[in-house]
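> Before anything else, here's the structure in question.
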Amino acid sequence: MKEDKDQNLERLLYSLSSLVELSETMTSPESFVENSRAILHQVLGTLLVSRGALFIIDDETDVLKLYVSKGIDKQDIDLHLKTDEKASLLKISDPVEVSKIPIKRIKEQIINTMPEATLWISLKIKDELLGVIILGKKFMDEELTPQDIDLLKIISRSVAVTIYNYRLIANLNDKIEELKNRESELRKRTLELEVLYDVGLEVTFLAESIEEITHQILTNAVGLLDARAGVLFLIDQESKEIYPSVSINIEGSEILKLNRNFSAIKYAIEHKAGSIRSPGQPTEDEPLANSEILTVPILYQNKVIGIFMLIDKEGREANINFDEGDKKLLAAFANQAAIAIENSRLYMVSLEKERMQRDIELAAEIQRELIPERFPEYRGLDIDGFCIPCRTVGGDYYNYFRISDDKLLLVVADVSGKGIPAALLVSSLNSVLIVELELETDLQKIVGALSRSIFYSSTSGKFATAFFAEIDLKNSTVRYINAGHNPPLFLTSSGERPELMNGGFCIGMFEDVKYETGELPFRKGELLSIYTDGITEQMNDNEEFFEEERLFDIILANKNKSSHTINRKVIKEIHSFSRNTPIADDMTLLTIKRI
């Protein structure tokens, strides 16, 4: 009896010693497979069992995969576990007969695929199922003794620790390898970024033209990727047409063949992604059939504004080709190029806008000179006017012309449209008036000649409403022509408000217009206010119009005050009425009082 115990003890010590030696060498997948087989053989030899298998669980799929076996015919046995089944197997602490496994499905699968299996030993550590050892019968069909079971418990714990440690080492090795790869990629990326930074600095300056900046960009791109040649295409955002802005080492005849239908360009535009075309890939019809082509779109705010096309990578090594790294590098550079191109475009636009603004300011200055700042002192007349354009320059106009010592012509006009075109017509109207007044003194003839001149000289559809008031101080009358204009407010000494409608069509609307004059007395205390519809049609926050009655009420309430005071009061009331609503049209008011 003592002899059997000594043999069992010796057997146990030998087995554990062998397992420790094996586990110390399990530091790689290759040694793990080899040593797992040695472990299984060690277990089988220690227990005098002829058949057995070691299953290890895959944590991602919860599948017990057959790792190594001996004496088992099938080598592709997988035991798929459900979550509750895995938890149930974790409860098996001691070796148990296969026929007593609590999971019927697993039990039947083992019996069907491994008829010789008799014993199940769970391999677990820290409430984690790592695998299982399945054993067949002992030699000579002997029964397993209690000592064998105790030995299996010890061996199973040792094997579980060995598997657990291996997995830790394997995970650590994976992490180390991943860190090495990351470090290598980081070094490469750092170098690329340094090059990109240096190259990017060269293309961020403000160029005198798009051609200059694109030439600098393409030169850097060709050098960055060691390309033999290259083309940088731009896309017109209005017409959507593609055109070569600049090229390097490529013939013009070849560039002419490259358009939106060229496969690489078409792919870049449609997919907003780069591509590499190897020699021999294209059809015979396509240009550059014997060249390798790297194409990358230049994107700005997710819109394709241009395309890089680099041709044939060159280097010391033979048969060197563009690769995915080159495509990523060029795409990164394309981001910088997009900003540089758009900055250059914006710069050019700003220069053009600045030039236009200077022209507009000059036009505004010229227009201000057309409108008098103050009126001459006429005995018996108090005259004041204002003209507020809704833009820098406008289409409203007023002026005075001395016809004789006793006669003064006052004109208020409102040209159709706004801005520069309207301002040009105002200038023409003023010039023609000056010329006509040198030739003629009759109001009907002056207005008729003015209308014909504007009709022939202005573009189609351009005209002006106007009111002409000829004041005769000697006879105390006002003779007028209303050319399609708002009837002014005429306030008589008796309190009447006659409508001054005599006249005709707008100035320049038709080729030949006959104008009718009207004439009224203009006595002491009477008032004439000529305005443009920009005043009466000014709106407030509630989309209400200022309207004529409001204007007339203000003038009537201040009729005993000076013309200047009346006009300032109107301006103040307009601002108070409109509040935050911007001026929508030019506003002009000319007030004449007989004093």
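Identifiers in the structure tokens: chain A, B, ... in order shown; residue index from 1 per chain; ligand index from 1 in order shown.
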Just the residues within 10 Å of Ile592 in chain A, please, counting only C-alpha atoms, with nothing from its chain fewer than 4 positions along; format it as a ChimeraX atom specification.
/A:381-385,410,471,490,526-530,562-564
> What are the nearest atom pairs, with distances in Å to one decimal, for all residues of range 293-319 of chain A that come at most 12 Å from range 329-346 of chain A, using only C-alpha atoms, set out by chain and rising residue number as a Markdown table?

```
| residue | atom | partner | partner_atom | distance |
| --- | --- | --- | --- | --- |
| A:Leu294 | CA | A:Leu330 | CA | 9.0 |
| A:Thr295 | CA | A:Leu330 | CA | 8.9 |
| A:Val296 | CA | A:Ala331 | CA | 6.2 |
| A:Pro297 | CA | A:Ala334 | CA | 7.2 |
| A:Ile298 | CA | A:Ala334 | CA | 5.2 |
| A:Leu299 | CA | A:Ala338 | CA | 6.2 |
| A:Tyr300 | CA | A:Ala338 | CA | 5.7 |
| A:Gln301 | CA | A:Ala338 | CA | 9.3 |
| A:Asn302 | CA | A:Ala338 | CA | 10.6 |
| A:Lys303 | CA | A:Ala338 | CA | 10.1 |
| A:Val304 | CA | A:Ala338 | CA | 9.2 |
| A:Ile305 | CA | A:Ala338 | CA | 7.5 |
| A:Gly306 | CA | A:Ala338 | CA | 8.0 |
| A:Ile307 | CA | A:Ala334 | CA | 8.5 |
| A:Phe308 | CA | A:Ala334 | CA | 7.7 |
| A:Met309 | CA | A:Leu330 | CA | 10.0 |
| A:Leu310 | CA | A:Leu330 | CA | 9.5 |
```
> May I have the residues within 8 Å of range 579-584 of chain A as a list in words, using only C-alpha atoms and disregarding those fewer than 4 positions away in the same chain?
Cys390, Gly534, Gln538, Met539, Asn540, Asp541 and His575 of chain A
> Store the residues picked out above in a file with C-alpha atoms, as a JSON list (two decimals), in the first residue's frame.

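After the write, result-v6.json holds the following:
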```
[["chain", "number", "residue", "atom", "x", "y", "z"],
["A", 390, "CYS", "CA", -30.07, 103.93, -50.40],
["A", 534, "GLY", "CA", -38.62, 106.63, -51.83],
["A", 538, "GLN", "CA", -40.39, 103.67, -46.98],
["A", 539, "MET", "CA", -41.57, 100.84, -44.71],
["A", 540, "ASN", "CA", -41.35, 100.14, -41.00],
["A", 541, "ASP", "CA", -41.01, 96.90, -39.00],
["A", 575, "HIS", "CA", -36.06, 107.64, -39.22]]
```
> Would you list, as a ChimeraX atom specification, the residues of range 32-104 of chain A that end up in strand (DSSP E or B) under DSSP run on this structure's backbone?
/A:49,52-58,63-70,78-80,96-97
> Please identify all polymer residues within 8 Å of Lys524 in chain A, counting only C-alpha atoms, omitting same-chain residues fewer than 6 positions from it, and present them as a ChimeraX atom specification.
/A:380,493,594-595
> For range 40-52 of chain A, list every protein, DNA or RNA residue within 6 Å, evaluated using only C-alpha atoms, and leave out those in the same chain fewer than 5 positions away; present the list as a PyMOL selection string.
chain A and resi 69-71+134-139
